[in-house]
file upload_24.txt (compact mmCIF, C-alpha atoms)
# COMPACT_ATOMS: atom_id res chain seq x y z
CA MET A 1 -45.47 9.97 78.72
CA PRO A 2 -48.21 11.15 81.12
CA SER A 3 -47.38 11.76 84.75
CA PHE A 4 -48.89 9.43 87.33
CA TRP A 5 -49.28 8.72 91.05
CA GLU A 6 -47.72 5.75 92.82
CA LYS A 7 -46.94 4.75 96.41
CA ILE A 8 -43.72 4.02 98.25
CA GLN A 9 -43.10 2.99 101.84
CA VAL A 10 -41.72 5.29 104.56
CA GLU A 11 -41.23 3.76 108.00
CA GLY A 12 -44.07 1.30 107.38
CA GLN A 13 -46.48 3.89 105.99
CA ASP A 14 -47.62 4.61 102.44
CA MET A 15 -46.46 7.86 100.88
CA ASP A 16 -47.82 9.03 97.54
CA ILE A 17 -45.37 10.31 94.96
CA TYR A 18 -46.23 12.06 91.71
CA SER A 19 -43.91 10.86 88.94
CA GLY A 20 -43.05 11.88 85.41
CA VAL A 21 -40.93 9.81 83.04
CA PRO A 22 -39.30 10.98 79.78
CA SER A 23 -39.91 9.34 76.46
CA GLY A 24 -37.27 6.89 75.26
CA SER A 25 -35.14 4.38 77.08
CA GLY A 26 -33.09 5.00 80.20
CA PRO A 27 -31.31 4.98 82.44
CA PHE A 28 -32.29 8.63 82.95
CA PRO A 29 -31.07 11.26 85.39
CA ALA A 30 -33.68 12.05 88.04
CA VAL A 31 -34.82 15.09 90.01
CA VAL A 32 -36.74 15.09 93.30
CA VAL A 33 -39.31 17.92 93.37
CA ILE A 34 -40.24 19.26 96.81
CA HIS A 35 -43.63 20.89 96.86
CA PRO A 36 -44.59 24.23 98.46
CA ALA A 37 -47.20 24.61 101.21
CA ALA A 38 -49.97 23.93 98.66
CA GLY A 39 -48.78 20.33 98.41
CA VAL A 40 -48.39 18.26 95.25
CA ALA A 41 -51.03 20.37 93.51
CA ASP A 42 -51.15 21.90 90.03
CA PHE A 43 -47.95 23.92 90.35
CA ALA A 44 -45.78 21.08 91.70
CA GLN A 45 -47.27 18.68 89.17
CA SER A 46 -46.39 21.09 86.37
CA ILE A 47 -42.76 21.14 87.50
CA VAL A 48 -42.67 17.34 87.41
CA GLN A 49 -44.02 17.37 83.87
CA ARG A 50 -41.64 20.09 82.70
CA LEU A 51 -38.66 18.15 84.04
CA ALA A 52 -39.88 14.94 82.38
CA ASP A 53 -40.23 16.84 79.11
CA ALA A 54 -36.60 17.95 79.56
CA GLY A 55 -35.37 14.35 79.91
CA TYR A 56 -35.47 13.69 83.66
CA VAL A 57 -37.43 11.24 85.72
CA ALA A 58 -39.09 13.62 88.20
CA VAL A 59 -40.80 12.61 91.43
CA ALA A 60 -42.65 14.77 93.94
CA PRO A 61 -43.21 13.07 97.31
CA ASP A 62 -46.28 14.10 99.31
CA LEU A 63 -44.69 15.28 102.54
CA PHE A 64 -48.12 15.78 104.10
CA HIS A 65 -48.94 12.07 104.08
CA ARG A 66 -48.94 11.90 107.88
CA VAL A 67 -51.41 14.80 108.25
CA THR A 68 -55.04 13.82 108.87
CA GLY A 69 -58.25 15.78 108.60
CA GLU A 70 -58.62 15.73 112.36
CA MET A 71 -55.24 17.42 112.73
CA LEU A 72 -56.45 20.31 110.58
CA ALA A 73 -59.49 21.03 112.73
CA GLY A 74 -59.59 24.63 113.83
CA GLY A 75 -57.95 25.94 110.68
CA ARG A 76 -54.39 24.75 111.21
CA GLN A 77 -52.21 24.43 108.11
CA ARG A 78 -50.62 21.18 106.95
CA ASN A 79 -47.09 22.52 107.00
CA GLU A 80 -47.41 23.22 110.73
CA PHE A 81 -47.15 19.47 111.33
CA LEU A 82 -43.90 18.87 109.48
CA SER A 83 -40.75 17.98 111.40
CA ASP A 84 -37.25 17.80 110.02
CA PRO A 85 -36.57 14.17 111.05
CA GLU A 86 -39.73 13.03 109.25
CA ILE A 87 -38.93 15.21 106.23
CA VAL A 88 -35.47 13.62 106.02
CA ALA A 89 -37.03 10.15 106.24
CA ASP A 90 -39.44 10.99 103.41
CA VAL A 91 -36.70 12.37 101.17
CA ASN A 92 -34.41 9.43 101.91
CA ALA A 93 -37.19 6.96 101.05
CA THR A 94 -37.74 8.79 97.76
CA VAL A 95 -34.03 8.65 96.99
CA ASP A 96 -33.89 4.94 97.82
CA PHE A 97 -36.81 4.37 95.43
CA LEU A 98 -34.90 6.16 92.67
CA LEU A 99 -31.63 4.39 93.38
CA ASN A 100 -33.32 1.02 93.02
CA HIS A 101 -35.31 1.82 89.88
CA PRO A 102 -33.90 0.21 86.71
CA ALA A 103 -34.83 3.21 84.52
CA ILE A 104 -32.80 5.65 86.64
CA ASP A 105 -29.08 6.34 86.83
CA GLY A 106 -28.51 6.66 90.57
CA GLN A 107 -25.29 8.58 89.98
CA ARG A 108 -27.25 11.49 88.48
CA LEU A 109 -29.77 12.67 91.06
CA GLY A 110 -30.79 16.28 91.59
CA ILE A 111 -33.32 18.06 93.79
CA THR A 112 -35.37 21.23 93.50
CA GLY A 113 -38.08 22.79 95.66
CA PHE A 114 -40.18 25.89 96.13
CA CYS A 115 -40.96 28.03 99.18
CA MET A 116 -40.95 25.57 102.11
CA GLY A 117 -39.65 23.11 99.52
CA GLY A 118 -36.63 25.34 98.95
CA ARG A 119 -35.80 25.04 102.63
CA ILE A 120 -36.18 21.27 102.38
CA VAL A 121 -33.81 21.16 99.41
CA TRP A 122 -31.10 22.66 101.64
CA LEU A 123 -31.91 20.20 104.43
CA ALA A 124 -32.00 17.22 102.07
CA ALA A 125 -28.70 18.02 100.37
CA ALA A 126 -27.05 18.50 103.76
CA THR A 127 -28.24 15.09 105.01
CA ASN A 128 -28.26 12.83 101.94
CA PRO A 129 -25.00 12.29 100.01
CA HIS A 130 -26.59 11.12 96.75
CA PHE A 131 -27.54 14.50 95.27
CA LYS A 132 -25.30 15.86 92.55
CA ALA A 133 -27.09 19.21 92.06
CA MET A 134 -29.59 21.28 94.07
CA VAL A 135 -31.86 24.17 93.08
CA PRO A 136 -33.79 25.87 95.90
CA TYR A 137 -36.34 28.49 94.91
CA TYR A 138 -36.97 31.21 97.52
CA GLY A 139 -36.54 28.83 100.44
CA GLY A 140 -37.59 30.54 103.66
CA ASN A 141 -36.79 29.74 107.29
CA ILE A 142 -33.54 27.99 106.40
CA GLN A 143 -32.05 29.23 109.67
CA ALA A 144 -34.94 27.79 111.73
CA PRO A 145 -35.22 24.14 112.85
CA ARG A 146 -38.45 22.14 112.74
CA GLY A 147 -38.76 19.67 115.57
CA ALA A 148 -37.40 19.45 119.09
CA GLY A 149 -33.70 18.82 119.38
CA THR A 150 -32.99 19.37 115.69
CA ARG A 151 -30.57 21.71 113.98
CA SER A 152 -31.60 24.11 111.25
CA PRO A 153 -30.72 23.41 107.61
CA PHE A 154 -28.33 26.36 107.82
CA GLU A 155 -26.48 24.77 110.74
CA LEU A 156 -26.05 21.63 108.61
CA THR A 157 -24.54 23.46 105.64
CA ALA A 158 -21.18 21.70 105.98
CA GLY A 159 -22.92 18.49 104.90
CA ILE A 160 -23.76 19.85 101.44
CA ASN A 161 -21.50 18.28 98.82
CA CYS A 162 -23.08 19.27 95.53
CA PRO A 163 -23.34 22.51 93.53
CA MET A 164 -26.21 24.85 94.41
CA LEU A 165 -28.26 27.24 92.27
CA PHE A 166 -30.52 29.43 94.46
CA HIS A 167 -33.25 31.70 93.06
CA PHE A 168 -34.32 34.67 95.20
CA GLY A 169 -37.08 37.22 94.76
CA GLY A 170 -35.60 40.69 95.03
CA MET A 171 -38.67 41.86 96.95
CA ASP A 172 -38.95 38.77 99.15
CA GLU A 173 -38.76 39.09 102.93
CA ASN A 174 -38.22 35.39 103.69
CA PRO A 175 -35.62 34.74 102.40
CA SER A 176 -34.64 38.39 102.45
CA PRO A 177 -31.70 40.08 100.71
CA GLU A 178 -29.94 39.98 104.09
CA ASP A 179 -30.56 36.22 104.25
CA MET A 180 -29.05 35.88 100.79
CA ARG A 181 -25.89 37.62 101.98
CA THR A 182 -25.74 35.40 105.06
CA PHE A 183 -26.12 32.25 102.97
CA ASP A 184 -23.48 33.42 100.52
CA ALA A 185 -20.99 34.17 103.30
CA GLU A 186 -21.46 30.77 104.93
CA LEU A 187 -21.27 28.80 101.69
CA THR A 188 -18.17 30.75 100.68
CA ARG A 189 -16.56 30.16 104.08
CA LEU A 190 -17.15 26.43 103.73
CA GLY A 191 -15.97 26.31 100.12
CA LYS A 192 -19.36 25.16 98.76
CA GLU A 193 -19.99 25.75 95.06
CA HIS A 194 -23.00 28.02 94.65
CA THR A 195 -24.62 30.49 92.29
CA PHE A 196 -27.29 32.95 93.41
CA TYR A 197 -29.76 34.87 91.26
CA SER A 198 -31.99 37.62 92.61
CA TYR A 199 -34.84 38.89 90.44
CA PRO A 200 -35.70 42.59 90.85
CA GLY A 201 -39.40 43.27 91.34
CA ALA A 202 -40.18 39.63 92.16
CA GLY A 203 -41.49 38.61 95.55
CA HIS A 204 -42.00 35.26 97.23
CA ALA A 205 -43.39 32.37 95.14
CA PHE A 206 -42.71 34.21 91.88
CA MET A 207 -42.73 30.93 89.93
CA ASP A 208 -46.27 29.95 90.95
CA PHE A 209 -48.51 30.65 87.96
CA THR A 210 -51.51 29.37 89.95
CA ASN A 211 -51.25 32.43 92.23
CA PRO A 212 -51.68 35.60 90.12
CA ASP A 213 -50.93 37.84 93.11
CA ARG A 214 -47.44 36.37 93.40
CA TYR A 215 -46.53 35.12 89.94
CA HIS A 216 -43.85 37.26 88.29
CA ARG A 217 -43.60 36.29 84.66
CA GLU A 218 -40.24 37.90 83.86
CA ALA A 219 -38.54 36.28 86.85
CA ALA A 220 -40.14 32.89 86.19
CA GLU A 221 -39.14 32.93 82.53
CA ALA A 222 -35.56 33.82 83.46
CA ALA A 223 -35.18 31.34 86.32
CA TRP A 224 -36.45 28.18 84.65
CA PRO A 225 -33.98 28.07 81.73
CA ARG A 226 -31.18 28.67 84.22
CA THR A 227 -32.43 25.70 86.24
CA LEU A 228 -32.52 23.43 83.19
CA GLU A 229 -29.04 24.53 82.13
CA PHE A 230 -27.72 23.88 85.64
CA PHE A 231 -29.22 20.40 85.83
CA ALA A 232 -28.02 19.60 82.32
CA ARG A 233 -24.48 20.60 83.23
CA HIS A 234 -24.35 18.62 86.47
CA LEU A 235 -26.61 15.67 85.71
CA LYS A 236 -26.70 15.05 81.97
CA ALA A 237 -23.04 15.91 81.34
CA ALA A 238 -22.09 13.55 84.19
CA LYS A 239 -23.52 10.48 82.49
CA VAL A 240 -21.83 7.32 83.67
CA SER A 241 -20.93 4.92 80.87
CA ARG A 242 -22.45 1.46 81.22
call {"tool": "encode", "arguments": {"input": "upload_24.txt", "output": "structure tokens"}}
result
Amino acid sequence: MPSFWEKIQVEGQDMDIYSGVPSGSGPFPAVVVIHPAAGVADFAQSIVQRLADAGYVAVAPDLFHRVTGEMLAGGRQRNEFLSDPEIVADVNATVDFLLNHPAIDGQRLGITGFCMGGRIVWLAAATNPHFKAMVPYYGGNIQAPRGAGTRSPFELTAGINCPMLFHFGGMDENPSPEDMRTFDAELTRLGKEHTFYSYPGAGHAFMDFTNPDRYHREAAEAAWPRTLEFFARHLKAAKVSR
């Protein structure tokens, strides 16, 4: 089935989401896809379609829906205007939409994200109890908060209650190999189930085929099957009888 745009409400505002639905009849497991700084563009849309082809309802919320053209005057970037409280509200609204959709099994929700989206995956799983599996890809700035008076996703790690699969570029600087060791130590200390993969020779955004300077084919082709296997184990194998 083709992917499509639709709108949901967040705090009285419209937010676009890009959705993909598998063939057949549900209820299906679902995966929230958090876009990188490029927004819900070709790369993020391709991830939605690939997940739908694999049997998941996939939805990518447009986290830039509050950003206007006037705000970008002077060359500022859209991601500069994101704040963690608003991000959490957007993710929670997306989850509520999925929980109330008749074609979706609300007991089988996962989340994945790329670059800034990888950071948001950590934040979302630490603040929303409905996720059963999380897959951040090269999420940077996990130890930095966004917004006054907020705590970083890393400081909220104790709130994560689902298994994590994290993909790192071996040549990445944010998150760096040192960051990977810090994350591993904290997750281990807290008893959080996690699996890390680091891909030698791959830098940041190695999955993004739309950016030839960053795309690393070997890493991308290794990481994606691992992601599908992880979601299948934690979402499809956990099917609730009805």
call {"tool": "atom_distance", "arguments": {"input": "upload_24.txt", "atom1": "atom CA of A:Pro200", "atom2": "atom CA of A:Leu187"}}
result
22.7 Å
call {"tool": "closest_residue", "arguments": {"input": "upload_24.txt", "among": "A:Pro61, A:Asp53, A:Ser83, A:Phe231", "to": "A:Gly149", "atoms": "all atoms listed in the file"}}
result
A:Ser83
call {"tool": "residues_around", "arguments": {"input": "upload_24.txt", "residues": "A:His101", "least_positions_apart": "6", "cutoff": "12 Å", "atoms": "only C-alpha atoms", "output": "NGL selection string"}}
result
:A and (21 or 26-30 or 57 or 94-95)
call {"tool": "write_last_selection", "arguments": {"input": "upload_24.txt", "atoms": "C-alpha atoms", "output": "tab-separated table (two decimals), in the coordinates of the input"}}
result
chain	number	residue	atom	x	y	z
A	21	VAL	CA	-40.93	9.81	83.04
A	26	GLY	CA	-33.09	5.00	80.20
A	27	PRO	CA	-31.31	4.98	82.44
A	28	PHE	CA	-32.29	8.63	82.95
A	29	PRO	CA	-31.07	11.26	85.39
A	30	ALA	CA	-33.68	12.05	88.04
A	57	VAL	CA	-37.43	11.24	85.72
A	94	THR	CA	-37.74	8.79	97.76
A	95	VAL	CA	-34.03	8.65	96.99
call {"tool": "residues_around", "arguments": {"input": "upload_24.txt", "residues": "A:Ala37", "least_positions_apart": "2", "cutoff": "10 Å", "atoms": "all atoms listed in the file", "output": "PDB file with C-alpha atoms, in the coordinates of the input"}}
result
ATOM      1  CA  ILE A  34     -40.240  19.260  96.810  1.00  0.00           C
ATOM      2  CA  HIS A  35     -43.630  20.890  96.860  1.00  0.00           C
ATOM      3  CA  GLY A  39     -48.780  20.330  98.410  1.00  0.00           C
ATOM      4  CA  VAL A  40     -48.390  18.260  95.250  1.00  0.00           C
ATOM      5  CA  ALA A  41     -51.030  20.370  93.510  1.00  0.00           C
ATOM      6  CA  LEU A  63     -44.690  15.280 102.540  1.00  0.00           C
ATOM      7  CA  PHE A  64     -48.120  15.780 104.100  1.00  0.00           C
ATOM      8  CA  GLN A  77     -52.210  24.430 108.110  1.00  0.00           C
ATOM      9  CA  ARG A  78     -50.620  21.180 106.950  1.00  0.00           C
ATOM     10  CA  ASN A  79     -47.090  22.520 107.000  1.00  0.00           C
ATOM     11  CA  GLU A  80     -47.410  23.220 110.730  1.00  0.00           C
ATOM     12  CA  PHE A 114     -40.180  25.890  96.130  1.00  0.00           C
ATOM     13  CA  CYS A 115     -40.960  28.030  99.180  1.00  0.00           C
ATOM     14  CA  MET A 116     -40.950  25.570 102.110  1.00  0.00           C
ATOM     15  CA  GLY A 117     -39.650  23.110  99.520  1.00  0.00           C
TER      16      GLY A 117
END
call {"tool": "closest_residue", "arguments": {"input": "upload_24.txt", "among": "A:Asn128, A:Thr112, A:Thr68, A:Asn174", "to": "A:Leu156", "atoms": "only C-alpha atoms"}}
result
A:Asn128
call {"tool": "atom_distance", "arguments": {"input": "upload_24.txt", "atom1": "atom CA of A:Gly201", "atom2": "atom CA of A:Asp172"}}
result
9.0 Å
call {"tool": "closest_residue", "arguments": {"input": "upload_24.txt", "among": "A:Pro153, A:Pro129, A:Gly118, A:Gly191", "to": "A:Phe168", "atoms": "only C-alpha atoms"}}
result
A:Gly118
call {"tool": "closest_residue", "arguments": {"input": "upload_24.txt", "among": "A:Met15, A:Pro163, A:Ser198, A:Ile111", "to": "A:Val67", "atoms": "only C-alpha atoms"}}
result
A:Met15
call {"tool": "closest_residue", "arguments": {"input": "upload_24.txt", "among": "A:Asn141, A:Ser19, A:Asn100, A:Thr182", "to": "A:Trp122", "atoms": "only C-alpha atoms"}}
result
A:Asn141
call {"tool": "residues_around", "arguments": {"input": "upload_24.txt", "residues": "A:Arg217", "least_positions_apart": "3", "cutoff": "8 Å", "atoms": "all atoms listed in the file", "output": "PyMOL selection string"}}
result
chain A and resi 206-207+220-221
call {"tool": "residues_around", "arguments": {"input": "upload_24.txt", "residues": "A:Ala44", "least_positions_apart": "2", "cutoff": "10 Å", "atoms": "all atoms listed in the file", "output": "PyMOL selection string"}}
result
chain A and resi 18+33-36+38-42+46-50+59-60+113-114+208
call {"tool": "residues_around", "arguments": {"input": "upload_24.txt", "residues": "A:Ser25", "least_positions_apart": "4", "cutoff": "12 Å", "atoms": "all atoms listed in the file", "output": "PDB file with C-alpha atoms, in the coordinates of the input"}}
result
ATOM      1  CA  MET A   1     -45.470   9.970  78.720  1.00  0.00           C
ATOM      2  CA  VAL A  21     -40.930   9.810  83.040  1.00  0.00           C
ATOM      3  CA  PRO A  29     -31.070  11.260  85.390  1.00  0.00           C
ATOM      4  CA  GLY A  55     -35.370  14.350  79.910  1.00  0.00           C
ATOM      5  CA  TYR A  56     -35.470  13.690  83.660  1.00  0.00           C
ATOM      6  CA  VAL A  57     -37.430  11.240  85.720  1.00  0.00           C
ATOM      7  CA  PRO A 102     -33.900   0.210  86.710  1.00  0.00           C
ATOM      8  CA  ALA A 103     -34.830   3.210  84.520  1.00  0.00           C
ATOM      9  CA  ILE A 104     -32.800   5.650  86.640  1.00  0.00           C
ATOM     10  CA  ASP A 105     -29.080   6.340  86.830  1.00  0.00           C
TER      11      ASP A 105
END
call {"tool": "decode", "arguments": {"input": "upload_24.txt", "residues": "stretch 22-65 of chain A", "atoms": "N, CA and C atoms", "output": "compact mmCIF listing (two decimals), in the first residue's frame"}}
result
# COMPACT_ATOMS: atom_id res chain seq x y z
N PRO A 22 1.10 -1.80 6.10
CA PRO A 22 1.35 -3.06 5.39
C PRO A 22 0.12 -3.54 4.63
N SER A 23 0.34 -4.44 3.72
CA SER A 23 -0.78 -5.12 3.08
C SER A 23 -1.37 -6.12 4.06
N GLY A 24 -2.63 -6.47 3.86
CA GLY A 24 -3.29 -7.45 4.72
C GLY A 24 -4.13 -6.78 5.78
N SER A 25 -4.57 -7.59 6.72
CA SER A 25 -5.43 -7.09 7.79
C SER A 25 -4.69 -7.10 9.11
N GLY A 26 -4.97 -6.11 9.93
CA GLY A 26 -4.31 -5.98 11.22
C GLY A 26 -5.00 -6.80 12.30
N PRO A 27 -4.76 -6.45 13.55
CA PRO A 27 -3.94 -5.32 13.98
C PRO A 27 -2.44 -5.59 13.82
N PHE A 28 -1.72 -4.56 13.37
CA PHE A 28 -0.28 -4.66 13.10
C PHE A 28 0.53 -4.08 14.25
N PRO A 29 1.78 -4.53 14.41
CA PRO A 29 2.71 -3.77 15.23
C PRO A 29 3.03 -2.45 14.53
N ALA A 30 3.52 -1.48 15.27
CA ALA A 30 3.80 -0.16 14.69
C ALA A 30 5.14 0.36 15.16
N VAL A 31 5.76 1.18 14.32
CA VAL A 31 7.06 1.80 14.64
C VAL A 31 6.97 3.29 14.33
N VAL A 32 7.34 4.11 15.31
CA VAL A 32 7.48 5.55 15.11
C VAL A 32 8.86 5.80 14.53
N VAL A 33 8.93 6.59 13.47
CA VAL A 33 10.20 6.91 12.80
C VAL A 33 10.50 8.39 13.06
N ILE A 34 11.62 8.67 13.70
CA ILE A 34 12.00 10.05 14.00
C ILE A 34 13.04 10.51 12.99
N HIS A 35 12.71 11.56 12.29
CA HIS A 35 13.52 12.02 11.17
C HIS A 35 14.82 12.68 11.63
N PRO A 36 15.81 12.76 10.73
CA PRO A 36 17.02 13.54 11.00
C PRO A 36 16.77 15.02 10.74
N ALA A 37 17.85 15.81 10.73
CA ALA A 37 17.71 17.26 10.56
C ALA A 37 17.12 17.64 9.21
N ALA A 38 17.17 16.75 8.23
CA ALA A 38 16.58 17.03 6.92
C ALA A 38 15.05 16.99 6.94
N GLY A 39 14.47 16.53 8.03
CA GLY A 39 13.02 16.45 8.12
C GLY A 39 12.48 15.16 7.53
N VAL A 40 11.16 15.13 7.32
CA VAL A 40 10.53 13.94 6.75
C VAL A 40 10.68 14.03 5.23
N ALA A 41 11.92 13.91 4.79
CA ALA A 41 12.27 14.00 3.38
C ALA A 41 12.47 12.59 2.82
N ASP A 42 13.18 12.49 1.71
CA ASP A 42 13.27 11.20 1.00
C ASP A 42 13.80 10.08 1.88
N PHE A 43 14.84 10.36 2.67
CA PHE A 43 15.41 9.29 3.48
C PHE A 43 14.41 8.79 4.52
N ALA A 44 13.83 9.70 5.30
CA ALA A 44 12.87 9.28 6.33
C ALA A 44 11.67 8.60 5.71
N GLN A 45 11.21 9.09 4.57
CA GLN A 45 10.08 8.45 3.90
C GLN A 45 10.44 7.03 3.45
N SER A 46 11.67 6.84 3.04
CA SER A 46 12.09 5.49 2.62
C SER A 46 12.09 4.52 3.79
N ILE A 47 12.44 5.00 4.98
CA ILE A 47 12.42 4.14 6.16
C ILE A 47 10.98 3.74 6.50
N VAL A 48 10.06 4.68 6.39
CA VAL A 48 8.64 4.37 6.61
C VAL A 48 8.19 3.28 5.65
N GLN A 49 8.54 3.41 4.39
CA GLN A 49 8.11 2.43 3.41
C GLN A 49 8.76 1.07 3.65
N ARG A 50 10.02 1.06 4.01
CA ARG A 50 10.71 -0.21 4.27
C ARG A 50 10.11 -0.93 5.46
N LEU A 51 9.73 -0.19 6.49
CA LEU A 51 9.09 -0.81 7.64
C LEU A 51 7.70 -1.33 7.29
N ALA A 52 6.95 -0.56 6.48
CA ALA A 52 5.63 -1.04 6.05
C ALA A 52 5.77 -2.31 5.23
N ASP A 53 6.77 -2.37 4.36
CA ASP A 53 7.02 -3.58 3.57
C ASP A 53 7.36 -4.77 4.46
N ALA A 54 7.92 -4.50 5.64
CA ALA A 54 8.30 -5.56 6.58
C ALA A 54 7.16 -5.93 7.53
N GLY A 55 5.98 -5.29 7.38
CA GLY A 55 4.83 -5.70 8.17
C GLY A 55 4.46 -4.80 9.33
N TYR A 56 5.02 -3.57 9.35
CA TYR A 56 4.72 -2.64 10.44
C TYR A 56 3.97 -1.42 9.89
N VAL A 57 3.00 -0.94 10.67
CA VAL A 57 2.54 0.42 10.42
C VAL A 57 3.67 1.34 10.87
N ALA A 58 4.10 2.24 10.01
CA ALA A 58 5.20 3.15 10.34
C ALA A 58 4.72 4.58 10.17
N VAL A 59 5.04 5.42 11.13
CA VAL A 59 4.62 6.83 11.07
C VAL A 59 5.80 7.71 11.43
N ALA A 60 6.00 8.76 10.64
CA ALA A 60 7.07 9.72 10.88
C ALA A 60 6.45 11.08 11.14
N PRO A 61 6.42 11.53 12.39
CA PRO A 61 5.87 12.86 12.68
C PRO A 61 6.83 13.96 12.24
N ASP A 62 6.28 15.06 11.74
CA ASP A 62 7.08 16.21 11.35
C ASP A 62 7.31 17.09 12.57
N LEU A 63 8.47 16.93 13.19
CA LEU A 63 8.76 17.65 14.42
C LEU A 63 9.07 19.12 14.18
N PHE A 64 9.13 19.52 12.93
CA PHE A 64 9.38 20.93 12.60
C PHE A 64 8.09 21.71 12.34
N HIS A 65 6.96 21.15 12.74
CA HIS A 65 5.68 21.78 12.37
C HIS A 65 5.47 23.13 13.02
